[in-house]
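S.K.: Sharing a structure here in structure tokens format.
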Protein chains: 2
Amino acid sequence: MIHYVGVATLKSLLHNIGIENFILKLVQYLEDDFAAWHSFEKSARVAAHSSSGVIELMPISNAEFYGFKYVNGHPANTQKGLPTVMAFGALAAVETGLPVLLSEMTILTALRTAATSAMTAKLLTIPKNKTHALIGCGAQSEFQALAMKAVLGLTDLRVFDIDNAATQKLLSNLQNHGFTLTACTSVEQCIEGASVITTATAAKTRAKILTKDMVKAGTHINGIGGDCPDKTELEKELLDKCTLIAVEFEPQSRIEGETQQNTNLPVVELAHLLKHPHNHKDTDITLFDSVGFALEDFSALRLIYDLVKNDQNYKLDLIATPQNPKDLFSMINLLVS
Amino acid sequence: MIHYVGVATLKSLLHNIGIENFILKLVQYLEDDFAAWHSFEKSARVAAHSSSGVIELMPISNAEFYGFKYVNGHPANTQKGLPTVMAFGALAAVETGLPVLLSEMTILTALRTAATSAMTAKLLTIPKNKTHALIGCGAQSEFQALAMKAVLGLTDLRVFDIDNAATQKLLSNLQNHGFTLTACTSVEQCIEGASVITTATAAKTRAKILTKDMVKAGTHINGIGGDCPDKTELEKELLDKCTLIAVEFEPQSRIEGETQQNTNLPVVELAHLLKHPHNHKDTDITLFDSVGFALEDFSALRLIYDLVKNDQNYKLDLIATPQNPKDLFSMINLLVS
């Protein structure tokens, strides 16, 4: 029997641990895995493209575990009442190939993206106050807010979205989570005085949500919306102004991230940053050019597995393991005398 | 909610339909999919190798469905009480990327391998009698026997294995399935008078289970054990003697199949055979050089999905589908006022 964590079980796990505490644990797992960066076999993702979208398998492994994620991207899904992105994944023992965990990953991906953002923000900045400006109140937004609160103590949350319904949704979702919430009417108003600015917008275009003149010294930018070719959020000149740009995996970020706008800009990978900490100055403008990487899914699956592996509930008969390996047939034989 | 077919549900489905009837249905699905061969996007499998084995993801898609299989290969697993090969898979809608089925595939792979063998035997031979010689009584054997019975009416089953316990297991498993069973003490005795000879041995070596002089005209050889580099079952000169060698996908079979021994031998792909039927002669010796292909998994997943898609049981909350796509967080929010 394989361990299974569906949506209901994930909710129950988060209820028992607390969402912010879960994120803190996940940050530890991410730090451990990114620090062991060179011990991973980082396979290419396998994509199947169609006229309506893409379906990908993202495998990654180290000496102990093999993990993969199934994830789709279908922009027109929202018109059909479905999420644009859905995901699930599995973890297996490398030694035997035995799958040990199957998990939902639509929600888990949002959690790991937020945890990676907060881990990186902690590496790149010392917040001058408790203000987090969050631009874009979509599916990722609440997770980002809670991660920045859990890791950096950013409890003053200023939010903006061109879709007022999205803003109201966020305000409603986060009203009892210990934030001081301010809904803003423009990006300029939103980022006023913020230590950390998160851009998490959805439009697949070369947007300029933030420009060079808008961002003051001493700010960390957590750019998570620019995550595929021709989808960026920051003005090119703002990138030039950054003291340090952190990325997950340089070859991927040069294609998918903000740095696709200027491939000559120096970037630093998270694995390097964890071993060679950045010396923060008050005049810095730092950027995390987040695109999402398979290692983050691996860390999330590892945490989930550690949380459920000793629990006898949540099991699934996905893998047939006959007592006699040569006798698979008896598992379905209906006519035993 | 996604449909889920685990080991228990598969057994119950097979109980309701009958194993042989399930195989007959699967042969129809295989014929349909192999006939539509050129409509499939046949991606390369992605393999992660370790010192103890390999873990692979095998994706394939057409305009309607995307399917993939997770499968491992760990030769030393039997010493740990685990199967060498374990598998599971999923089917998703290409239009939306929404996964619709998760299924065990360890048993399903044995069923699809057997159904493919029987489908091919039907294309390549007209049995002169009801005798099927089965060499190798491992995990695949009973499935092969039932498929050849269901499709070709081969009820006289002669079996041989160097491991007597394996032979006894097969005799016990198949005793109430309508066969006349004969356990043999040598390959030579086993193949005596057989219309179809199945070789399904496990040794990872260049074996010569069958040689040129052993096989008589009018025989179809169903070679399923030779399925990876340096693992073959047939003498090279026997291949030269064959009237027709059928393969699933030539580029793969030239590396993994019996034909790796002589890459100049002409082979015919199943998709071609379905459109251009072979004119059987009594003097033929035909061979199916089976290695297993992702399309067969796809057909099996399609059949399973058709069998359960209108059933409200067997559902799993693997995929988070929030009512408002921008409101993923409310699926796990514990503090709604």
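Chain identifiers are assigned as A, B, and so on, following the order in which chains appear in the structure tokens; residues are numbered from 1 within each chain, and ligands are numbered from 1 in order of appearance.
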Taking 2 positions as the minimum chain separation for residues in the same chain, which residues sit within 9 Å of Ala300 in chain A when counting only C-alpha atoms? Answer as a JSON list (two decimals) with N, CA, C and O atoms, in the first residue's frame.
M.R.:
```
[["chain", "number", "residue", "atom", "x", "y", "z"],
["A", 26, "LEU", "N", 8.60, 23.45, 5.53],
["A", 26, "LEU", "CA", 8.92, 23.30, 4.11],
["A", 26, "LEU", "C", 10.16, 24.11, 3.75],
["A", 26, "LEU", "O", 11.00, 23.65, 2.95],
["A", 29, "TYR", "N", 13.09, 22.02, 4.56],
["A", 29, "TYR", "CA", 13.31, 20.97, 3.56],
["A", 29, "TYR", "C", 13.91, 21.55, 2.27],
["A", 29, "TYR", "O", 14.79, 20.95, 1.65],
["A", 30, "LEU", "N", 13.42, 22.73, 1.89],
["A", 30, "LEU", "CA", 13.95, 23.39, 0.69],
["A", 30, "LEU", "C", 15.41, 23.76, 0.88],
["A", 30, "LEU", "O", 16.25, 23.56, -0.02],
["A", 105, "MET", "N", -0.99, 17.92, -5.86],
["A", 105, "MET", "CA", 0.06, 18.94, -5.87],
["A", 105, "MET", "C", -0.42, 20.29, -6.40],
["A", 105, "MET", "O", 0.40, 21.19, -6.56],
["A", 108, "LEU", "N", -0.26, 22.00, -3.15],
["A", 108, "LEU", "CA", 1.13, 21.84, -2.66],
["A", 108, "LEU", "C", 2.10, 22.68, -3.49],
["A", 108, "LEU", "O", 3.09, 23.20, -2.95],
["A", 109, "THR", "N", 1.83, 22.84, -4.78],
["A", 109, "THR", "CA", 2.69, 23.67, -5.61],
["A", 109, "THR", "C", 2.63, 25.13, -5.17],
["A", 109, "THR", "O", 3.66, 25.82, -5.11],
["A", 111, "LEU", "N", 1.99, 26.12, -2.16],
["A", 111, "LEU", "CA", 2.71, 26.17, -0.89],
["A", 111, "LEU", "C", 4.23, 26.17, -1.09],
["A", 111, "LEU", "O", 4.96, 26.92, -0.44],
["A", 112, "ARG", "N", 4.71, 25.33, -2.02],
["A", 112, "ARG", "CA", 6.16, 25.26, -2.22],
["A", 112, "ARG", "C", 6.69, 26.51, -2.92],
["A", 112, "ARG", "O", 7.82, 26.94, -2.66],
["A", 295, "LEU", "N", 12.96, 20.62, -8.10],
["A", 295, "LEU", "CA", 13.51, 20.35, -6.77],
["A", 295, "LEU", "C", 12.55, 20.80, -5.67],
["A", 295, "LEU", "O", 12.45, 20.16, -4.62],
["A", 296, "GLU", "N", 11.82, 21.89, -5.92],
["A", 296, "GLU", "CA", 10.88, 22.40, -4.92],
["A", 296, "GLU", "C", 9.72, 21.42, -4.72],
["A", 296, "GLU", "O", 9.22, 21.24, -3.60],
["A", 297, "ASP", "N", 9.29, 20.80, -5.79],
["A", 297, "ASP", "CA", 8.24, 19.77, -5.69],
["A", 297, "ASP", "C", 8.75, 18.57, -4.89],
["A", 297, "ASP", "O", 8.04, 17.99, -4.09],
["A", 298, "PHE", "N", 10.00, 18.24, -5.15],
["A", 298, "PHE", "CA", 10.65, 17.13, -4.45],
["A", 298, "PHE", "C", 10.67, 17.39, -2.94],
["A", 298, "PHE", "O", 10.31, 16.52, -2.14],
["A", 302, "ARG", "N", 8.74, 15.27, -0.06],
["A", 302, "ARG", "CA", 9.49, 14.71, 1.06],
["A", 302, "ARG", "C", 8.86, 15.09, 2.40],
["A", 302, "ARG", "O", 8.72, 14.26, 3.29],
["A", 303, "LEU", "N", 8.48, 16.36, 2.53],
["A", 303, "LEU", "CA", 7.85, 16.81, 3.78],
["A", 303, "LEU", "C", 6.53, 16.07, 4.00],
["A", 303, "LEU", "O", 6.27, 15.54, 5.09],
["A", 304, "ILE", "N", 5.71, 16.03, 2.96],
["A", 304, "ILE", "CA", 4.42, 15.34, 3.07],
["A", 304, "ILE", "C", 4.63, 13.88, 3.47],
["A", 304, "ILE", "O", 3.95, 13.35, 4.35],
["A", 305, "TYR", "N", 5.61, 13.25, 2.85],
["A", 305, "TYR", "CA", 5.87, 11.84, 3.16],
["A", 305, "TYR", "C", 6.29, 11.68, 4.62],
["A", 305, "TYR", "O", 5.80, 10.78, 5.32]]
```
S.K.: Find the spatial neighbours of range 151-158 of chain B, counting only C-alpha atoms, within a cut-off of 7 Å - ignore same-chain residues fewer than 3 positions away - and output them as a CSV table (one decimal) with C-alpha atoms, in the first residue's frame.
M.R.:
```csv
chain,number,residue,atom,x,y,z
B,24,LEU,CA,-11.1,-9.7,-25.8
B,118,ALA,CA,-2.9,-12.6,-28.8
B,122,LYS,CA,-4.3,-13.8,-34.6
B,130,LYS,CA,-5.4,-26.1,-29.9
B,131,THR,CA,-1.9,-26.4,-28.5
B,132,HIS,CA,0.0,-23.6,-26.9
B,133,ALA,CA,3.5,-24.2,-25.5
B,134,LEU,CA,4.4,-21.8,-22.8
B,147,ALA,CA,-5.1,-14.5,-23.8
B,148,MET,CA,-4.2,-17.2,-26.3
B,178,GLY,CA,-10.9,-24.6,-18.9
B,179,PHE,CA,-7.4,-25.8,-19.9
B,180,THR,CA,-6.0,-29.2,-20.5
B,181,LEU,CA,-2.7,-28.7,-18.7
B,182,THR,CA,0.5,-30.6,-19.3
B,183,ALA,CA,3.6,-30.0,-17.3
B,184,CYS,CA,6.7,-30.8,-19.3
B,190,CYS,CA,6.9,-28.7,-24.2
```
S.K.: Within 7 Å of chain A, which residues of chain B show up when using only C-alpha atoms, listed as a ChimeraX atom specification?
M.R.: /B:6-7,11,15,52,55,72,74,77-78,81-83,86-88,95-97,103-104,106-107,138-139,142,173,176,317-321,323,325-330,332,334-336
S.K.: List every residue of range 61-227 of chain B that DSSP, applied to the backbone of this structure, assigns to alpha helix (DSSP H), and report them as a ChimeraX atom specification.
M.R.: /B:106-124,141-152,164-174,187-190
S.K.: Deliver the residues from the most recent selection as a file, using C-alpha atoms, as an mmCIF file, in the first residue's frame.
M.R.:
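Final output, saved to part.cif:
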```cif
data_model
loop_
_atom_site.group_PDB
_atom_site.id
_atom_site.type_symbol
_atom_site.label_atom_id
_atom_site.label_comp_id
_atom_site.auth_asym_id
_atom_site.auth_seq_id
_atom_site.Cartn_x
_atom_site.Cartn_y
_atom_site.Cartn_z
ATOM 1 C CA THR B 106 1.411 -3.765 -12.529
ATOM 2 C CA ILE B 107 -1.372 -6.230 -13.304
ATOM 3 C CA LEU B 108 -2.749 -4.158 -16.158
ATOM 4 C CA THR B 109 0.648 -4.294 -17.898
ATOM 5 C CA ALA B 110 0.576 -8.095 -17.784
ATOM 6 C CA LEU B 111 -2.949 -8.021 -19.241
ATOM 7 C CA ARG B 112 -2.024 -5.618 -22.046
ATOM 8 C CA THR B 113 1.141 -7.555 -22.888
ATOM 9 C CA ALA B 114 -0.886 -10.756 -23.167
ATOM 10 C CA ALA B 115 -3.645 -9.056 -25.183
ATOM 11 C CA THR B 116 -1.062 -7.621 -27.591
ATOM 12 C CA SER B 117 0.504 -11.061 -27.990
ATOM 13 C CA ALA B 118 -2.863 -12.645 -28.762
ATOM 14 C CA MET B 119 -3.879 -9.855 -31.139
ATOM 15 C CA THR B 120 -0.622 -10.352 -33.040
ATOM 16 C CA ALA B 121 -0.854 -14.155 -33.043
ATOM 17 C CA LYS B 122 -4.321 -13.805 -34.602
ATOM 18 C CA LEU B 123 -2.796 -11.633 -37.342
ATOM 19 C CA LEU B 124 0.102 -13.982 -38.041
ATOM 20 C CA SER B 141 2.570 -16.721 -17.852
ATOM 21 C CA GLU B 142 -1.067 -17.168 -16.798
ATOM 22 C CA PHE B 143 -2.061 -13.958 -18.585
ATOM 23 C CA GLN B 144 -0.459 -15.192 -21.819
ATOM 24 C CA ALA B 145 -2.222 -18.539 -21.498
ATOM 25 C CA LEU B 146 -5.635 -16.937 -20.978
ATOM 26 C CA ALA B 147 -5.143 -14.473 -23.844
ATOM 27 C CA MET B 148 -4.204 -17.221 -26.329
ATOM 28 C CA LYS B 149 -7.239 -19.187 -25.132
ATOM 29 C CA ALA B 150 -9.617 -16.216 -25.381
ATOM 30 C CA VAL B 151 -8.476 -15.052 -28.817
ATOM 31 C CA LEU B 152 -7.285 -18.224 -30.580
ATOM 32 C CA ASN B 164 9.437 -26.452 -10.705
ATOM 33 C CA ALA B 165 7.761 -24.284 -8.053
ATOM 34 C CA ALA B 166 6.843 -21.792 -10.771
ATOM 35 C CA THR B 167 5.350 -24.564 -12.892
ATOM 36 C CA GLN B 168 3.307 -25.863 -9.952
ATOM 37 C CA LYS B 169 2.089 -22.320 -9.235
ATOM 38 C CA LEU B 170 0.832 -21.969 -12.816
ATOM 39 C CA LEU B 171 -0.874 -25.377 -12.741
ATOM 40 C CA SER B 172 -2.611 -24.410 -9.512
ATOM 41 C CA ASN B 173 -3.631 -20.946 -10.750
ATOM 42 C CA LEU B 174 -5.073 -22.202 -14.041
ATOM 43 C CA VAL B 187 11.642 -27.274 -23.811
ATOM 44 C CA GLU B 188 11.713 -29.974 -26.508
ATOM 45 C CA GLN B 189 8.873 -31.900 -24.868
ATOM 46 C CA CYS B 190 6.919 -28.709 -24.239
#
```
S.K.: I want to know what sits within 10 Å of Ser253 in chain B, based on only C-alpha atoms, with residues of the same chain fewer than 5 positions away left out; could you give that as a PDB file with all heavy atoms, in the first residue's frame?
M.R.:
```pdb
ATOM      1  N   GLY B 226      12.514 -11.510 -24.393  1.00  0.00           N
ATOM      2  CA  GLY B 226      13.620 -10.669 -24.874  1.00  0.00           C
ATOM      3  C   GLY B 226      13.125  -9.253 -25.042  1.00  0.00           C
ATOM      4  O   GLY B 226      12.489  -8.934 -26.035  1.00  0.00           O
ATOM      5  N   ASP B 227      13.400  -8.408 -24.049  1.00  0.00           N
ATOM      6  CA  ASP B 227      12.778  -7.076 -24.068  1.00  0.00           C
ATOM      7  C   ASP B 227      13.705  -5.952 -23.632  1.00  0.00           C
ATOM      8  O   ASP B 227      13.257  -4.852 -23.329  1.00  0.00           O
ATOM      9  CB  ASP B 227      11.510  -7.072 -23.217  1.00  0.00           C
ATOM     10  CG  ASP B 227      11.803  -7.367 -21.758  1.00  0.00           C
ATOM     11  OD1 ASP B 227      12.957  -7.684 -21.427  1.00  0.00           O
ATOM     12  OD2 ASP B 227      10.862  -7.274 -20.952  1.00  0.00           O
ATOM     13  N   CYS B 228      15.009  -6.240 -23.601  1.00  0.00           N
ATOM     14  CA  CYS B 228      15.939  -5.132 -23.343  1.00  0.00           C
ATOM     15  C   CYS B 228      17.319  -5.518 -23.886  1.00  0.00           C
ATOM     16  O   CYS B 228      17.559  -6.684 -24.211  1.00  0.00           O
ATOM     17  CB  CYS B 228      15.985  -4.765 -21.868  1.00  0.00           C
ATOM     18  SG  CYS B 228      16.554  -6.056 -20.783  1.00  0.00           S
ATOM     19  N   PRO B 229      18.221  -4.543 -23.994  1.00  0.00           N
ATOM     20  CA  PRO B 229      19.538  -4.858 -24.555  1.00  0.00           C
ATOM     21  C   PRO B 229      20.205  -6.013 -23.795  1.00  0.00           C
ATOM     22  O   PRO B 229      20.147  -6.067 -22.565  1.00  0.00           O
ATOM     23  CB  PRO B 229      20.315  -3.538 -24.374  1.00  0.00           C
ATOM     24  CG  PRO B 229      19.251  -2.483 -24.422  1.00  0.00           C
ATOM     25  CD  PRO B 229      18.074  -3.098 -23.733  1.00  0.00           C
ATOM     26  N   ALA B 246       7.102  -9.656 -36.639  1.00  0.00           N
ATOM     27  CA  ALA B 246       6.294  -8.476 -36.321  1.00  0.00           C
ATOM     28  C   ALA B 246       6.864  -7.789 -35.082  1.00  0.00           C
ATOM     29  O   ALA B 246       7.311  -8.443 -34.142  1.00  0.00           O
ATOM     30  CB  ALA B 246       4.845  -8.882 -36.066  1.00  0.00           C
ATOM     31  N   VAL B 247       6.855  -6.463 -35.106  1.00  0.00           N
ATOM     32  CA  VAL B 247       7.312  -5.676 -33.960  1.00  0.00           C
ATOM     33  C   VAL B 247       6.310  -4.552 -33.698  1.00  0.00           C
ATOM     34  O   VAL B 247       5.493  -4.223 -34.564  1.00  0.00           O
ATOM     35  CB  VAL B 247       8.710  -5.042 -34.209  1.00  0.00           C
ATOM     36  CG1 VAL B 247       9.767  -6.121 -34.430  1.00  0.00           C
ATOM     37  CG2 VAL B 247       8.662  -4.075 -35.396  1.00  0.00           C
ATOM     38  N   GLU B 248       6.399  -3.996 -32.503  1.00  0.00           N
ATOM     39  CA  GLU B 248       5.512  -2.886 -32.177  1.00  0.00           C
ATOM     40  C   GLU B 248       5.987  -1.597 -32.839  1.00  0.00           C
ATOM     41  O   GLU B 248       5.255  -0.931 -33.555  1.00  0.00           O
ATOM     42  CB  GLU B 248       5.455  -2.723 -30.649  1.00  0.00           C
ATOM     43  CG  GLU B 248       4.662  -3.845 -29.981  1.00  0.00           C
ATOM     44  CD  GLU B 248       5.369  -4.442 -28.789  1.00  0.00           C
ATOM     45  OE1 GLU B 248       6.616  -4.590 -28.844  1.00  0.00           O
ATOM     46  OE2 GLU B 248       4.686  -4.762 -27.798  1.00  0.00           O
ATOM     47  N   GLU B 258      14.398  -9.218 -29.908  1.00  0.00           N
ATOM     48  CA  GLU B 258      15.217 -10.299 -30.472  1.00  0.00           C
ATOM     49  C   GLU B 258      16.014  -9.809 -31.673  1.00  0.00           C
ATOM     50  O   GLU B 258      17.144 -10.261 -31.909  1.00  0.00           O
ATOM     51  CB  GLU B 258      14.310 -11.463 -30.916  1.00  0.00           C
ATOM     52  CG  GLU B 258      13.603 -12.176 -29.789  1.00  0.00           C
ATOM     53  CD  GLU B 258      14.543 -12.845 -28.798  1.00  0.00           C
ATOM     54  OE1 GLU B 258      15.653 -13.232 -29.198  1.00  0.00           O
ATOM     55  OE2 GLU B 258      14.163 -12.955 -27.623  1.00  0.00           O
ATOM     56  N   THR B 259      15.436  -8.869 -32.420  1.00  0.00           N
ATOM     57  CA  THR B 259      16.082  -8.406 -33.650  1.00  0.00           C
ATOM     58  C   THR B 259      17.331  -7.583 -33.382  1.00  0.00           C
ATOM     59  O   THR B 259      18.041  -7.233 -34.316  1.00  0.00           O
ATOM     60  CB  THR B 259      15.086  -7.606 -34.525  1.00  0.00           C
ATOM     61  OG1 THR B 259      14.420  -6.664 -33.703  1.00  0.00           O
ATOM     62  CG2 THR B 259      14.086  -8.529 -35.167  1.00  0.00           C
ATOM     63  N   GLN B 260      17.621  -7.282 -32.115  1.00  0.00           N
ATOM     64  CA  GLN B 260      18.909  -6.641 -31.802  1.00  0.00           C
ATOM     65  C   GLN B 260      20.062  -7.550 -32.237  1.00  0.00           C
ATOM     66  O   GLN B 260      21.189  -7.085 -32.412  1.00  0.00           O
ATOM     67  CB  GLN B 260      19.016  -6.316 -30.306  1.00  0.00           C
ATOM     68  CG  GLN B 260      19.146  -7.523 -29.389  1.00  0.00           C
ATOM     69  CD  GLN B 260      19.143  -7.161 -27.898  1.00  0.00           C
ATOM     70  OE1 GLN B 260      20.175  -6.863 -27.331  1.00  0.00           O
ATOM     71  NE2 GLN B 260      17.964  -7.178 -27.287  1.00  0.00           N
ATOM     72  N   THR B 263      20.307  -6.687 -37.056  1.00  0.00           N
ATOM     73  CA  THR B 263      19.541  -5.479 -37.354  1.00  0.00           C
ATOM     74  C   THR B 263      19.207  -5.339 -38.837  1.00  0.00           C
ATOM     75  O   THR B 263      18.535  -4.400 -39.235  1.00  0.00           O
ATOM     76  CB  THR B 263      20.314  -4.229 -36.881  1.00  0.00           C
ATOM     77  OG1 THR B 263      21.625  -4.293 -37.421  1.00  0.00           O
ATOM     78  CG2 THR B 263      20.388  -4.182 -35.369  1.00  0.00           C
ATOM     79  N   VAL B 267      11.513  -6.368 -40.641  1.00  0.00           N
ATOM     80  CA  VAL B 267      10.441  -6.535 -39.656  1.00  0.00           C
ATOM     81  C   VAL B 267       9.215  -5.751 -40.144  1.00  0.00           C
ATOM     82  O   VAL B 267       9.329  -4.864 -40.990  1.00  0.00           O
ATOM     83  CB  VAL B 267      10.845  -6.019 -38.256  1.00  0.00           C
ATOM     84  CG1 VAL B 267      12.034  -6.799 -37.705  1.00  0.00           C
ATOM     85  CG2 VAL B 267      11.141  -4.528 -38.287  1.00  0.00           C
ATOM     86  N   GLU B 269       5.795  -3.612 -38.694  1.00  0.00           N
ATOM     87  CA  GLU B 269       5.160  -3.057 -37.500  1.00  0.00           C
ATOM     88  C   GLU B 269       3.684  -3.464 -37.431  1.00  0.00           C
ATOM     89  O   GLU B 269       3.020  -3.641 -38.456  1.00  0.00           O
ATOM     90  CB  GLU B 269       5.286  -1.532 -37.490  1.00  0.00           C
ATOM     91  CG  GLU B 269       6.732  -1.076 -37.240  1.00  0.00           C
ATOM     92  CD  GLU B 269       6.863   0.438 -37.052  1.00  0.00           C
ATOM     93  OE1 GLU B 269       5.922   1.170 -37.428  1.00  0.00           O
ATOM     94  OE2 GLU B 269       7.909   0.875 -36.528  1.00  0.00           O
ATOM     95  N   ASP B 289       8.107 -10.288 -32.022  1.00  0.00           N
ATOM     96  CA  ASP B 289       9.251  -9.884 -31.197  1.00  0.00           C
ATOM     97  C   ASP B 289       8.772  -8.778 -30.250  1.00  0.00           C
ATOM     98  O   ASP B 289       9.039  -7.596 -30.448  1.00  0.00           O
ATOM     99  CB  ASP B 289      10.373  -9.393 -32.130  1.00  0.00           C
ATOM    100  CG  ASP B 289      11.621  -8.996 -31.373  1.00  0.00           C
ATOM    101  OD1 ASP B 289      11.712  -9.311 -30.174  1.00  0.00           O
ATOM    102  OD2 ASP B 289      12.500  -8.356 -31.993  1.00  0.00           O
ATOM    103  N   SER B 290       8.056  -9.197 -29.204  1.00  0.00           N
ATOM    104  CA  SER B 290       7.378  -8.251 -28.308  1.00  0.00           C
ATOM    105  C   SER B 290       8.344  -7.615 -27.311  1.00  0.00           C
ATOM    106  O   SER B 290       9.125  -8.303 -26.654  1.00  0.00           O
ATOM    107  CB  SER B 290       6.283  -9.002 -27.547  1.00  0.00           C
ATOM    108  OG  SER B 290       5.866  -8.276 -26.424  1.00  0.00           O
ATOM    109  N   VAL B 291       8.287  -6.278 -27.187  1.00  0.00           N
ATOM    110  CA  VAL B 291       9.086  -5.601 -26.156  1.00  0.00           C
ATOM    111  C   VAL B 291       8.214  -4.724 -25.249  1.00  0.00           C
ATOM    112  O   VAL B 291       8.634  -4.325 -24.173  1.00  0.00           O
ATOM    113  CB  VAL B 291      10.225  -4.740 -26.756  1.00  0.00           C
ATOM    114  CG1 VAL B 291      11.237  -5.615 -27.471  1.00  0.00           C
ATOM    115  CG2 VAL B 291       9.686  -3.666 -27.682  1.00  0.00           C
ATOM    116  N   GLY B 292       6.985  -4.444 -25.687  1.00  0.00           N
ATOM    117  CA  GLY B 292       6.107  -3.569 -24.905  1.00  0.00           C
ATOM    118  C   GLY B 292       6.242  -2.132 -25.346  1.00  0.00           C
ATOM    119  O   GLY B 292       7.355  -1.618 -25.465  1.00  0.00           O
ATOM    120  N   PHE B 293       5.111  -1.480 -25.593  1.00  0.00           N
ATOM    121  CA  PHE B 293       5.163  -0.100 -26.067  1.00  0.00           C
ATOM    122  C   PHE B 293       4.086   0.723 -25.363  1.00  0.00           C
ATOM    123  O   PHE B 293       3.027   0.209 -24.987  1.00  0.00           O
ATOM    124  CB  PHE B 293       4.989  -0.071 -27.599  1.00  0.00           C
ATOM    125  CG  PHE B 293       5.215   1.287 -28.188  1.00  0.00           C
ATOM    126  CD1 PHE B 293       6.472   1.880 -28.111  1.00  0.00           C
ATOM    127  CD2 PHE B 293       4.187   1.991 -28.781  1.00  0.00           C
ATOM    128  CE1 PHE B 293       6.688   3.142 -28.629  1.00  0.00           C
ATOM    129  CE2 PHE B 293       4.392   3.257 -29.306  1.00  0.00           C
ATOM    130  CZ  PHE B 293       5.643   3.829 -29.229  1.00  0.00           C
TER     131      PHE B 293
END
```
S.K.: CA of Leu287 in chain A to CA of Ala217 in chain A: how many Å, to one decimal?
M.R.: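 So the two atoms, CA of Leu287 in chain A and CA of Ala217 in chain A, lie 11.9 Å apart.
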S.K.: Which value, in Å to one decimal, gives the distance between CA of Lys236 in chain B and CA of Thr211 in chain B?
M.R.: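 So the two atoms, CA of Lys236 in chain B and CA of Thr211 in chain B, lie 8.0 Å apart.
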S.K.: Between CA of Gly136 in chain A and CA of Gly225 in chain A, what distance in Å does the model show, to one decimal?
M.R.: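 For CA of Gly136 in chain A relative to CA of Gly225 in chain A, the distance reads 8.8 Å.
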S.K.: Check the DSSP output for the backbone and give back, as a PyMOL selection string, the residues of range 107-300 of chain A in strand (DSSP E or B).
M.R.: chain A and resi 131-135+156-160+180-183+196-199+206-210+219-223+228+231-234+244-247+268-269+285-289
S.K.: Would you mind listing what lies within 6 Å of His3 in chain A as a list in words, with only C-alpha atoms counted and same-chain residues fewer than 3 positions away left out?
M.R.: Val100, Leu101, Tyr314 and Lys315 of chain A
